[in-house]
>>> print(open('protein_33.txt').read())   # compact mmCIF, C-alpha atoms
# COMPACT_ATOMS: atom_id res chain seq x y z
CA MET A 9 73.38 136.97 185.03
CA ILE A 10 70.44 137.70 187.29
CA ILE A 11 67.71 139.83 185.78
CA LYS A 12 64.85 141.20 187.84
CA VAL A 13 61.62 142.67 186.56
CA LEU A 14 60.20 145.10 189.11
CA GLY A 15 56.50 145.83 189.10
CA PRO A 16 53.27 144.99 190.88
CA GLY A 17 51.91 142.96 187.97
CA CYS A 18 50.46 145.60 185.68
CA ASN A 19 50.25 145.13 181.93
CA ASN A 20 53.49 146.96 181.22
CA CYS A 21 55.30 144.79 183.78
CA LYS A 22 54.14 141.69 181.88
CA ASN A 23 55.17 143.28 178.59
CA LEU A 24 58.62 144.04 179.95
CA GLU A 25 59.03 140.51 181.28
CA ARG A 26 57.99 138.99 177.95
CA ALA A 27 60.27 141.31 175.96
CA THR A 28 63.19 140.49 178.25
CA ARG A 29 62.64 136.73 177.93
CA GLU A 30 62.55 137.09 174.16
CA ALA A 31 65.75 139.14 174.17
CA ILE A 32 67.53 136.53 176.30
CA ALA A 33 66.40 133.77 173.99
CA THR A 34 67.53 135.71 170.90
CA LEU A 35 70.94 136.49 172.37
CA GLY A 36 71.35 133.04 173.90
CA ILE A 37 72.43 134.51 177.23
CA ASP A 38 72.50 132.34 180.33
CA ALA A 39 70.32 134.33 182.72
CA THR A 40 67.63 133.85 185.31
CA ILE A 41 64.65 136.15 185.43
CA GLU A 42 63.04 136.96 188.74
CA LYS A 43 59.91 138.95 189.29
CA VAL A 44 59.87 141.39 192.19
CA GLU A 45 56.31 142.29 193.04
CA ASP A 46 56.24 143.45 196.65
CA TYR A 47 56.42 147.19 197.13
CA PRO A 48 59.06 147.47 199.86
CA SER A 49 61.52 145.49 197.71
CA ILE A 50 60.69 147.59 194.64
CA MET A 51 61.27 150.74 196.68
CA GLY A 52 64.51 149.22 197.93
CA TYR A 53 65.85 149.74 194.41
CA GLY A 54 64.78 153.39 194.52
CA VAL A 55 62.20 152.78 191.81
CA MET A 56 58.91 154.72 191.80
CA SER A 57 57.94 154.38 188.17
CA THR A 58 57.20 150.77 187.31
CA PRO A 59 58.01 148.63 185.46
CA ALA A 60 61.74 148.58 186.00
CA LEU A 61 64.50 146.31 184.82
CA VAL A 62 67.36 145.35 187.11
CA ILE A 63 70.43 143.58 185.74
CA ASP A 64 72.81 142.18 188.37
CA GLU A 65 71.32 144.46 191.05
CA LYS A 66 71.67 147.60 188.92
CA VAL A 67 68.55 149.47 187.76
CA VAL A 68 68.88 150.01 184.03
CA VAL A 69 65.36 151.06 183.04
CA SER A 70 62.45 152.47 184.99
CA GLY A 71 59.00 153.73 184.09
CA ARG A 72 58.70 152.35 180.59
CA VAL A 73 59.02 149.32 178.37
CA PRO A 74 62.07 149.76 176.16
CA THR A 75 62.08 148.55 172.57
CA PRO A 76 63.38 145.01 171.95
CA THR A 77 66.54 146.47 170.39
CA GLN A 78 67.21 148.59 173.48
CA ILE A 79 66.71 145.59 175.77
CA ARG A 80 69.17 143.59 173.70
CA GLU A 81 71.67 146.45 173.89
CA LEU A 82 71.27 146.71 177.68
CA LEU A 83 71.81 142.97 178.04
CA THR A 84 74.87 142.92 175.80
CA THR A 85 76.44 145.88 177.57
CA SER A 86 75.96 144.20 180.95
CA THR A 87 77.40 140.91 179.72
CA LYS A 88 80.52 142.63 178.48
CA GLY A 89 80.86 144.47 181.78
CA ASN A 90 81.27 141.17 183.59
CA MET B 4 60.06 145.13 165.82
CA SER B 5 58.64 148.41 167.01
CA ILE B 6 57.02 150.93 164.71
CA ALA B 7 59.76 153.49 165.26
CA GLU B 8 62.41 150.91 164.41
CA ARG B 9 60.58 149.91 161.27
CA LEU B 10 60.31 153.52 160.13
CA HIS B 11 63.92 153.93 161.15
CA PRO B 12 64.49 157.60 160.45
CA LYS B 13 68.13 158.09 159.61
CA SER B 14 68.61 161.80 159.98
CA THR B 15 67.03 164.77 161.69
CA ALA B 16 65.69 165.90 158.31
CA SER B 17 63.92 162.61 157.66
CA ARG B 18 62.56 162.59 161.21
CA VAL B 19 61.13 166.07 160.82
CA SER B 20 59.69 165.24 157.42
CA SER B 21 57.98 162.05 158.66
CA LEU B 22 56.45 163.98 161.57
CA LEU B 23 55.33 166.73 159.19
CA SER B 24 53.78 164.29 156.73
CA ALA B 25 51.97 162.56 159.59
CA ALA B 26 50.60 165.96 160.65
CA VAL B 27 49.48 166.76 157.10
CA VAL B 28 47.73 163.38 156.74
CA TRP B 29 46.01 164.03 160.07
CA VAL B 30 44.74 167.47 159.02
CA VAL B 31 43.49 166.16 155.64
CA LEU B 32 41.61 163.28 157.30
CA TYR B 33 40.13 165.62 159.89
CA GLN B 34 38.96 168.10 157.25
CA ALA B 35 37.63 165.39 154.93
CA ASN B 36 35.70 163.56 157.64
CA GLU B 37 32.41 165.49 157.68
CA PRO B 38 32.16 165.97 153.87
CA PHE B 39 32.92 162.27 153.34
CA TRP B 40 30.08 161.10 155.55
CA ASP B 41 27.75 163.76 154.10
CA TRP B 42 28.47 162.26 150.73
CA LEU B 43 28.22 158.61 151.78
CA VAL B 44 25.19 158.75 154.07
CA TYR B 45 23.11 161.45 152.43
CA GLU B 46 24.03 161.11 148.77
CA LYS B 47 25.19 157.54 148.20
CA LEU B 48 22.83 155.83 150.65
CA GLY B 49 20.14 158.40 149.94
CA LEU B 50 19.17 158.87 153.59
CA SER B 51 17.63 162.17 154.54
CA ALA B 52 19.54 164.47 156.89
CA SER B 53 16.27 165.16 158.68
CA SER B 54 15.43 161.48 159.23
CA SER B 55 16.31 159.74 162.51
CA LEU B 56 18.26 156.99 160.76
CA GLY B 57 20.13 159.38 158.48
CA SER B 58 21.20 161.88 161.11
CA GLY B 59 21.87 159.17 163.70
CA LEU B 60 24.07 157.14 161.34
CA HIS B 61 25.89 160.24 160.10
CA PHE B 62 26.52 161.39 163.67
CA PHE B 63 27.85 157.98 164.74
CA ALA B 64 30.22 157.56 161.80
CA ALA B 65 31.50 161.13 161.66
CA ASP B 66 31.91 161.42 165.42
CA SER B 67 33.71 158.07 165.79
CA VAL B 68 36.29 159.11 163.23
CA LYS B 69 36.57 162.65 164.58
CA ILE B 70 37.09 161.58 168.20
CA THR B 71 39.55 158.85 167.23
CA LEU B 72 41.57 161.38 165.21
CA LEU B 73 41.50 163.89 168.05
CA LEU B 74 42.62 161.24 170.53
CA VAL B 75 45.46 160.06 168.32
CA GLY B 76 46.75 163.62 167.86
CA ILE B 77 46.31 164.77 171.43
CA ILE B 78 47.61 161.62 173.15
CA PHE B 79 50.68 161.61 170.92
CA ILE B 80 51.59 165.24 171.58
CA VAL B 81 50.84 165.01 175.31
CA THR B 82 52.92 161.84 175.76
CA VAL B 83 55.91 163.27 173.93
CA LEU B 84 55.77 166.50 175.96
CA ARG B 85 55.25 164.62 179.22
CA SER B 86 58.26 162.41 178.60
CA PHE B 87 60.32 165.37 179.78
CA MET B 88 58.72 165.21 183.22
CA THR B 89 59.19 162.38 185.69
CA LEU B 90 57.84 161.21 189.04
CA GLU B 91 61.37 161.42 190.43
CA ARG B 92 61.72 165.08 189.48
CA THR B 93 58.25 165.84 190.86
CA ARG B 94 59.12 164.24 194.17
CA ALA B 95 62.33 166.22 194.40
CA MET B 96 60.33 169.42 193.91
CA LEU B 97 57.76 168.44 196.55
CA GLY B 98 60.26 167.34 199.19
CA GLY B 99 60.39 169.76 202.11
CA LYS B 100 57.39 171.77 200.93
CA ARG B 101 54.87 172.72 203.60
CA GLU B 102 51.17 172.01 203.38
CA GLY B 103 49.24 174.68 201.52
CA VAL B 104 51.94 175.76 199.09
CA GLY B 105 52.89 172.11 198.77
CA ASN B 106 49.29 171.16 197.93
CA MET B 107 49.13 173.75 195.15
CA LEU B 108 52.44 172.67 193.69
CA ALA B 109 51.41 168.99 193.95
CA GLY B 110 48.17 169.75 192.09
CA ALA B 111 50.01 171.45 189.24
CA LEU B 112 52.67 168.73 189.08
CA GLY B 113 49.94 166.07 189.17
CA VAL B 114 48.64 167.47 185.89
CA VAL B 115 51.95 167.38 184.00
CA THR B 116 53.68 164.33 185.47
CA PRO B 117 53.24 161.15 183.45
CA PHE B 118 51.52 158.67 185.64
CA CYS B 119 49.85 155.31 185.24
CA SER B 120 47.53 153.94 187.89
CA CYS B 121 49.91 151.00 188.39
CA SER B 122 52.46 153.51 189.70
CA ALA B 123 50.03 154.92 192.28
CA VAL B 124 51.29 152.73 195.11
CA PRO B 125 55.05 153.01 194.46
CA ALA B 126 54.59 156.77 194.04
CA PHE B 127 52.66 157.00 197.30
CA ILE B 128 55.33 155.08 199.21
CA GLY B 129 58.13 156.96 197.47
CA PHE B 130 56.64 160.36 198.27
CA VAL B 131 55.77 159.63 201.90
CA ALA B 132 59.07 157.87 202.57
CA ALA B 133 60.89 160.91 201.14
CA GLY B 134 59.11 163.15 203.63
CA VAL B 135 56.41 164.67 201.41
CA PRO B 136 53.44 165.33 203.75
CA LEU B 137 50.48 162.91 203.47
CA GLY B 138 47.99 165.59 202.35
CA VAL B 139 50.38 166.88 199.66
CA THR B 140 50.94 163.33 198.40
CA LEU B 141 47.17 162.77 198.26
CA THR B 142 46.69 166.03 196.31
CA PHE B 143 49.13 164.66 193.74
CA LEU B 144 47.30 161.32 193.56
CA ILE B 145 43.92 163.06 193.14
CA ALA B 146 45.09 165.58 190.53
CA SER B 147 46.97 163.09 188.41
CA PRO B 148 44.00 161.19 186.93
CA LEU B 149 41.50 164.00 187.53
CA VAL B 150 43.09 166.75 185.46
CA ASN B 151 44.12 164.85 182.40
CA GLU B 152 45.80 166.67 179.49
CA VAL B 153 44.05 164.50 176.93
CA ALA B 154 40.70 165.48 178.44
CA ILE B 155 41.78 169.14 178.39
CA GLY B 156 42.58 168.83 174.68
CA LEU B 157 39.27 167.14 173.90
CA LEU B 158 37.22 169.63 175.90
CA TRP B 159 39.04 172.48 174.19
CA THR B 160 38.34 171.19 170.68
CA MET B 161 34.78 170.08 171.42
CA PHE B 162 33.46 172.81 173.74
CA GLY B 163 35.94 175.67 173.51
CA ILE B 164 38.69 177.05 175.69
CA LYS B 165 36.36 178.39 178.37
CA ILE B 166 35.01 174.96 179.32
CA ALA B 167 38.53 173.49 179.18
CA ALA B 168 39.76 176.18 181.58
CA VAL B 169 36.79 175.60 183.87
CA TYR B 170 37.63 171.90 183.95
CA VAL B 171 41.27 172.53 184.87
CA ALA B 172 40.32 175.03 187.58
CA ALA B 173 37.66 172.71 189.00
CA GLY B 174 39.97 169.69 188.99
CA LEU B 175 42.81 171.58 190.67
CA PHE B 176 40.39 172.96 193.24
CA VAL B 177 39.15 169.47 194.14
CA ALA B 178 42.69 168.08 194.34
CA VAL B 179 44.22 170.95 196.31
CA VAL B 180 41.33 171.44 198.75
CA GLY B 181 40.66 167.69 199.07
CA GLY B 182 44.33 166.93 199.77
CA TRP B 183 44.66 169.86 202.14
CA ILE B 184 41.61 168.77 204.19
CA LEU B 185 42.87 165.18 204.30
CA GLY B 186 46.24 166.49 205.47
CA ARG B 187 44.65 168.65 208.19
CA LEU B 188 42.76 165.61 209.52
CA HIS B 189 46.13 164.01 210.42
CA LEU B 190 45.27 160.55 209.20
CA GLU B 191 48.79 159.13 209.31
CA LYS B 192 47.49 156.48 211.74
CA TRP B 193 45.41 155.08 208.87
CA VAL B 194 48.40 154.59 206.59
CA GLU B 195 49.79 151.04 206.63
CA PRO B 196 52.84 151.20 208.96
CA PHE B 197 55.23 149.57 206.47
CA VAL B 198 55.06 152.75 204.35
CA PHE B 199 56.85 154.77 207.03
CA GLU B 200 59.34 151.97 207.60
CA THR B 201 60.26 151.64 203.94
CA ARG B 202 63.79 152.76 203.24
CA LEU B 203 64.44 154.04 199.77
CA GLY B 204 67.33 152.41 197.99
CA GLY B 205 70.45 154.42 197.30
CA GLN B 206 70.36 154.76 193.56
CA ILE B 207 67.38 156.89 192.61
CA ILE B 208 67.28 156.70 188.88
CA ASP B 209 65.72 159.25 186.61
CA SER B 210 63.35 157.21 184.48
CA THR B 211 63.71 159.37 181.39
CA ALA B 212 67.46 159.86 181.56
CA GLY B 213 69.07 159.25 178.19
CA LEU B 214 65.86 159.07 176.19
CA SER B 215 66.50 159.88 172.56
CA PHE B 216 64.11 161.82 170.34
CA ASP B 217 63.15 158.55 168.66
CA ASP B 218 62.39 156.99 172.07
CA ARG B 219 59.98 159.80 172.87
CA ILE B 220 58.25 159.45 169.49
CA GLN B 221 58.05 155.71 170.07
CA MET B 222 56.51 156.29 173.53
CA GLY B 223 53.94 158.60 171.91
CA ILE B 224 52.97 156.00 169.32
CA GLU B 225 52.73 153.24 171.92
CA GLU B 226 50.66 155.36 174.27
CA VAL B 227 48.17 156.14 171.49
CA GLY B 228 47.79 152.41 170.86
CA SER B 229 47.50 151.37 174.48
CA ILE B 230 44.97 154.08 175.42
CA LEU B 231 42.78 153.48 172.36
CA LYS B 232 42.86 149.73 173.03
CA LYS B 233 41.72 150.37 176.59
CA ILE B 234 38.95 152.88 175.95
CA TRP B 235 37.37 151.98 172.58
CA PRO B 236 34.33 150.24 174.12
CA TYR B 237 33.60 153.41 176.14
CA LEU B 238 34.03 155.53 173.03
CA LEU B 239 31.61 153.40 171.00
CA VAL B 240 29.00 153.31 173.79
CA GLY B 241 29.33 157.07 174.31
CA ILE B 242 29.11 157.91 170.62
CA GLY B 243 26.34 155.33 170.09
CA LEU B 244 24.34 156.94 172.86
CA GLY B 245 25.02 160.31 171.28
CA ALA B 246 23.75 159.02 167.95
CA ALA B 247 20.62 157.62 169.58
CA ILE B 248 19.96 160.92 171.34
CA HIS B 249 20.72 162.76 168.11
CA GLY B 250 18.36 160.67 166.01
CA TRP B 251 15.72 159.32 168.35
CA ALA B 252 15.68 160.11 172.03
CA PRO B 253 13.34 162.77 173.32
CA THR B 254 15.68 165.35 174.81
CA ASP B 255 12.83 166.51 177.04
CA PHE B 256 13.36 163.33 179.03
CA PHE B 257 16.85 164.38 180.09
CA LYS B 258 15.90 167.99 180.53
CA GLN B 259 13.15 167.02 182.90
CA TYR B 260 15.20 164.70 185.10
CA ALA B 261 18.66 166.16 185.03
CA SER B 262 18.41 169.85 184.34
CA ALA B 263 20.25 172.44 186.41
CA SER B 264 17.03 173.16 188.26
CA ASN B 265 16.85 169.58 189.58
CA PRO B 266 18.49 169.95 193.01
CA LEU B 267 19.63 166.31 193.11
CA GLY B 268 21.07 166.25 189.58
CA VAL B 269 24.74 166.63 190.53
CA VAL B 270 24.53 164.18 193.45
CA VAL B 271 22.93 161.55 191.22
CA ALA B 272 25.54 162.13 188.50
CA VAL B 273 28.40 161.69 191.00
CA ALA B 274 26.77 158.61 192.55
CA ILE B 275 26.47 157.03 189.09
CA GLY B 276 30.02 158.07 188.18
CA ILE B 277 31.87 156.57 191.17
CA PRO B 278 31.35 152.87 190.33
CA LEU B 279 32.01 153.52 186.62
CA TYR B 280 35.64 153.44 185.69
CA SER B 281 37.28 154.87 182.65
CA ASN B 282 39.87 157.51 182.01
CA ALA B 283 38.86 161.06 181.18
CA ALA B 284 39.31 160.56 177.45
CA GLY B 285 37.04 157.51 177.39
CA VAL B 286 34.15 159.27 179.08
CA MET B 287 34.28 162.36 176.85
CA PRO B 288 31.97 161.20 174.00
CA LEU B 289 29.33 160.36 176.60
CA VAL B 290 29.72 163.84 178.11
CA GLN B 291 29.34 165.36 174.66
CA SER B 292 26.22 163.29 173.94
CA LEU B 293 24.59 164.18 177.23
CA TYR B 294 25.49 167.84 176.78
CA GLY B 295 23.81 167.71 173.39
CA ALA B 296 20.78 166.27 175.14
CA GLY B 297 20.58 169.36 177.31
CA LEU B 298 22.37 168.35 180.51
CA PRO B 299 24.15 171.23 182.25
CA MET B 300 27.95 171.38 182.04
CA GLY B 301 28.48 171.50 185.82
CA THR B 302 26.62 168.21 186.27
CA LEU B 303 28.59 166.65 183.42
CA LEU B 304 31.98 167.80 184.71
CA ALA B 305 31.08 166.39 188.13
CA PHE B 306 30.07 163.11 186.51
CA MET B 307 33.33 162.94 184.57
CA MET B 308 35.42 163.74 187.63
CA ALA B 309 33.65 161.06 189.67
CA VAL B 310 34.33 158.51 186.94
CA VAL B 311 38.06 159.27 186.70
CA ALA B 312 39.02 160.28 190.24
CA LEU B 313 37.10 157.74 192.28
CA SER B 314 37.22 154.21 191.01
CA LEU B 315 37.08 150.78 192.56
CA PRO B 316 40.27 149.45 190.90
CA GLU B 317 42.28 152.40 192.24
CA MET B 318 40.79 152.00 195.73
CA ILE B 319 41.78 148.34 195.70
CA LEU B 320 45.33 149.31 194.70
CA LEU B 321 45.52 152.00 197.36
CA ARG B 322 44.25 149.52 199.97
CA ARG B 323 47.80 148.12 199.96
CA VAL B 324 49.04 151.32 201.59
CA LEU B 325 45.94 152.92 203.13
CA LYS B 326 43.60 151.48 205.73
CA PRO B 327 39.88 151.26 204.84
CA GLN B 328 39.06 154.22 207.12
CA LEU B 329 41.39 156.48 205.14
CA ILE B 330 40.04 155.23 201.81
CA ALA B 331 36.49 155.94 203.00
CA THR B 332 37.48 159.44 204.15
CA TYR B 333 39.26 160.01 200.83
CA VAL B 334 36.17 159.03 198.83
CA GLY B 335 33.99 161.15 201.12
CA VAL B 336 36.13 164.30 200.92
CA VAL B 337 36.84 164.08 197.19
CA GLY B 338 33.23 163.11 196.37
CA THR B 339 31.89 166.07 198.36
CA ALA B 340 34.33 168.45 196.68
CA ILE B 341 33.25 167.17 193.24
CA VAL B 342 29.57 167.64 194.09
CA GLY B 343 30.34 171.19 195.26
CA VAL B 344 32.18 171.97 192.03
CA GLY B 345 29.27 170.60 190.00
CA TYR B 346 26.74 172.88 191.69
CA LEU B 347 29.09 175.86 191.52
CA PHE B 348 29.56 175.54 187.77
CA ASN B 349 25.90 174.89 187.11
CA VAL B 350 25.31 178.31 188.67
CA LEU B 351 28.30 180.04 187.06
CA LEU B 352 27.80 178.63 183.57
CA ALA B 353 24.02 179.00 183.51
>>> encode(input="protein_33.txt", output="structure tokens")
Amino acid sequence: MIIKVLGPGCNNCKNLERATREAIATLGIDATIEKVEDYPSIMGYGVMSTPALVIDEKVVVSGRVPTPTQIRELLTTSTKGN
Amino acid sequence: MSIAERLHPKSTASRVSSLLSAAVVWVVLYQANEPFWDWLVYEKLGLSASSSLGSGLHFFAADSVKITLLLVGIIFIVTVLRSFMTLERTRAMLGGKREGVGNMLAGALGVVTPFCSCSAVPAFIGFVAAGVPLGVTLTFLIASPLVNEVAIGLLWTMFGIKIAAVYVAAGLFVAVVGGWILGRLHLEKWVEPFVFETRLGGQIIDSTAGLSFDDRIQMGIEEVGSILKKIWPYLLVGIGLGAAIHGWAPTDFFKQYASASNPLGVVVAVAIGIPLYSNAAGVMPLVQSLYGAGLPMGTLLAFMMAVVALSLPEMILLRRVLKPQLIATYVGVVGTAIVGVGYLFNVLLA
């Protein structure tokens, strides 16, 4: 699973990245996390409100940092989808 | 685990009752604040209400608690209400609008759309790439931090509805006129070319789609925490200054150098405000202190607007999409508009 954290490096982007890493560790999912910080690439996902979370090239959250439970749910749903 | 998860309301009834009890606790604390400090400072500590130390200490303690309570209440309500509005929806409304009408709509939407300064650049690119005119986009970017709902709430509770309305009108005026002028100047050549080349990806997602009631409450609680964490030093400095003015400082000093009759007052206030950076809520205690010291409201509103609308960190962010010439013009136009508003209200409110 490829997870991308979209955001120019603001506090919330760091929070989202940390929360996502924790969720992956808790769930024991095999995933790589990439940070996307340049604006044209962020816009390429159609995202205006950062931070955003992209799982396997699909935007699942934008404009906020979800709760740890929600992140875990998003990750589990995406794993099952594969 | 998040606060909302820990509280874990199970039903609508328990949700409503926890919100209601929070509101009751808030009202009780707010009502008890002044009497409590009266009792502690004047009776327990035996300080006189007419002494500098007594009144200064009382002011500092009571005002710190009062402003913190106001901020908690206002930020929470504003964040929950704003979670129904998104940048994506705003852009959709602005697309295809002409200048003029578009500027007015962008000003109004700038007030209600949730926006953090870290989204300034993506929003700018997203708007321009979607065909929103440059001047209309700039109106939105000016209005968003300038007319801040939390500041409206604070001004309303601290100075009354008239001053709050004046602030909204002044902020919208600066944003609409500033953006319109910048649009008329046709400065597209000073926008970094990659902005116009950026193609928006296919799936535009609505950032608040599928938010539950609990999510919105959670966002409100988090926003209260993150704003207070960011602005508490400004609050303490502002309230501390207020206490000092209250207890010690000769108010004649301010009256002499910054009264409405001093022709340079507003210009100086704006010049001091530009390098300072805080959000509107953080600068409010300072405004209240200086108002208590006899500074005119027009000068203070201009100072506040300069602090929130023109800041170095935001200019550095915008440098990614705007060339220095456009940033300089932006600061010039918005700064001039703010100075004009300051003088206007010093005359109107005198």
>>> atom_distance(input="protein_33.txt", atom1="atom CA of Leu137 of chain B", atom2="atom CA of Trp183 of chain B")
9.2 Å
>>> closest_residue(input="protein_33.txt", among="B:Asp217, B:Glu195, B:Glu91, B:Glu152", to="chain A", atoms="only C-alpha atoms")
B:Glu91
>>> atom_distance(input="protein_33.txt", atom1="atom CA of Ala132 of chain B", atom2="atom CA of Phe199 of chain B")
5.9 Å
>>> atom_distance(input="protein_33.txt", atom1="atom CA of Glu37 of chain B", atom2="atom CA of Leu244 of chain B")
19.2 Å
>>> residues_around(input="protein_33.txt", residues="Met9 of chain A", least_positions_apart="2", cutoff="9 Å", atoms="all atoms listed in the file", output="list in words")
Ile11, Ile37, Asp38, Ala39, Thr40, Ile41, Ile63, Asp64, Ser86 and Thr87 of chain A
>>> residues_around(input="protein_33.txt", residues="Gly52 of chain A", least_positions_apart="5", cutoff="12 Å", atoms="all atoms listed in the file", output="ChimeraX atom specification")
/A:14,44-47,62,65-67 /B:125,128-129,132,198,200-207
>>> interface_residues(input="protein_33.txt", of="chain A", to="chain B", cutoff="7 Å", atoms="all atoms listed in the file", output="ChimeraX atom specification")
/A:18,47-48,51-58,69-71,75-76
>>> axis_aligned_box(input="protein_33.txt", around="segment 297-313 of chain B", padding_each_side="8 Å", output="lines of an AutoDock Vina configuration file")
center_x = 29.8
center_y = 164.6
center_z = 184.8
size_x = 34.4
size_y = 29.8
size_z = 31.0
>>> closest_residue(input="protein_33.txt", among="B:Gly285, B:Gly138, B:Phe79, B:Lys232", to="Arg187 of chain B", atoms="all atoms listed in the file")
B:Gly138
>>> build_atoms(input="protein_33.txt", residues="segment 14-25 of chain A", atoms="N, CA, C and O atoms", output="compact mmCIF listing (two decimals), in the coordinates of the input")
# COMPACT_ATOMS: atom_id res chain seq x y z
N LEU A 14 60.88 144.49 187.96
CA LEU A 14 60.20 145.10 189.11
C LEU A 14 58.85 145.66 188.69
O LEU A 14 58.78 146.44 187.74
N GLY A 15 57.81 145.28 189.42
CA GLY A 15 56.50 145.83 189.10
C GLY A 15 55.42 145.02 189.75
O GLY A 15 55.56 143.82 189.93
N PRO A 16 54.31 145.67 190.14
CA PRO A 16 53.27 144.99 190.88
C PRO A 16 52.40 144.05 190.04
O PRO A 16 51.45 143.50 190.54
N GLY A 17 52.71 143.89 188.77
CA GLY A 17 51.91 142.96 187.97
C GLY A 17 50.97 143.65 187.00
O GLY A 17 49.97 143.08 186.57
N CYS A 18 51.30 144.89 186.65
CA CYS A 18 50.46 145.60 185.68
C CYS A 18 50.81 145.11 184.27
O CYS A 18 51.75 144.36 184.09
N ASN A 19 50.04 145.58 183.30
CA ASN A 19 50.25 145.13 181.93
C ASN A 19 51.65 145.39 181.42
O ASN A 19 52.27 144.53 180.82
N ASN A 20 52.16 146.61 181.70
CA ASN A 20 53.49 146.96 181.22
C ASN A 20 54.56 146.08 181.85
O ASN A 20 55.57 145.80 181.22
N CYS A 21 54.31 145.66 183.13
CA CYS A 21 55.30 144.79 183.78
C CYS A 21 55.35 143.46 183.02
O CYS A 21 56.43 142.90 182.81
N LYS A 22 54.18 142.96 182.63
CA LYS A 22 54.14 141.69 181.88
C LYS A 22 54.80 141.86 180.52
O LYS A 22 55.54 140.99 180.07
N ASN A 23 54.54 143.02 179.88
CA ASN A 23 55.17 143.28 178.59
C ASN A 23 56.68 143.29 178.71
O ASN A 23 57.38 142.73 177.87
N LEU A 24 57.17 143.94 179.77
CA LEU A 24 58.62 144.04 179.95
C LEU A 24 59.21 142.66 180.19
O LEU A 24 60.26 142.32 179.64
N GLU A 25 58.51 141.84 180.99
CA GLU A 25 59.03 140.51 181.28
C GLU A 25 59.10 139.68 179.99
O GLU A 25 60.10 139.03 179.71
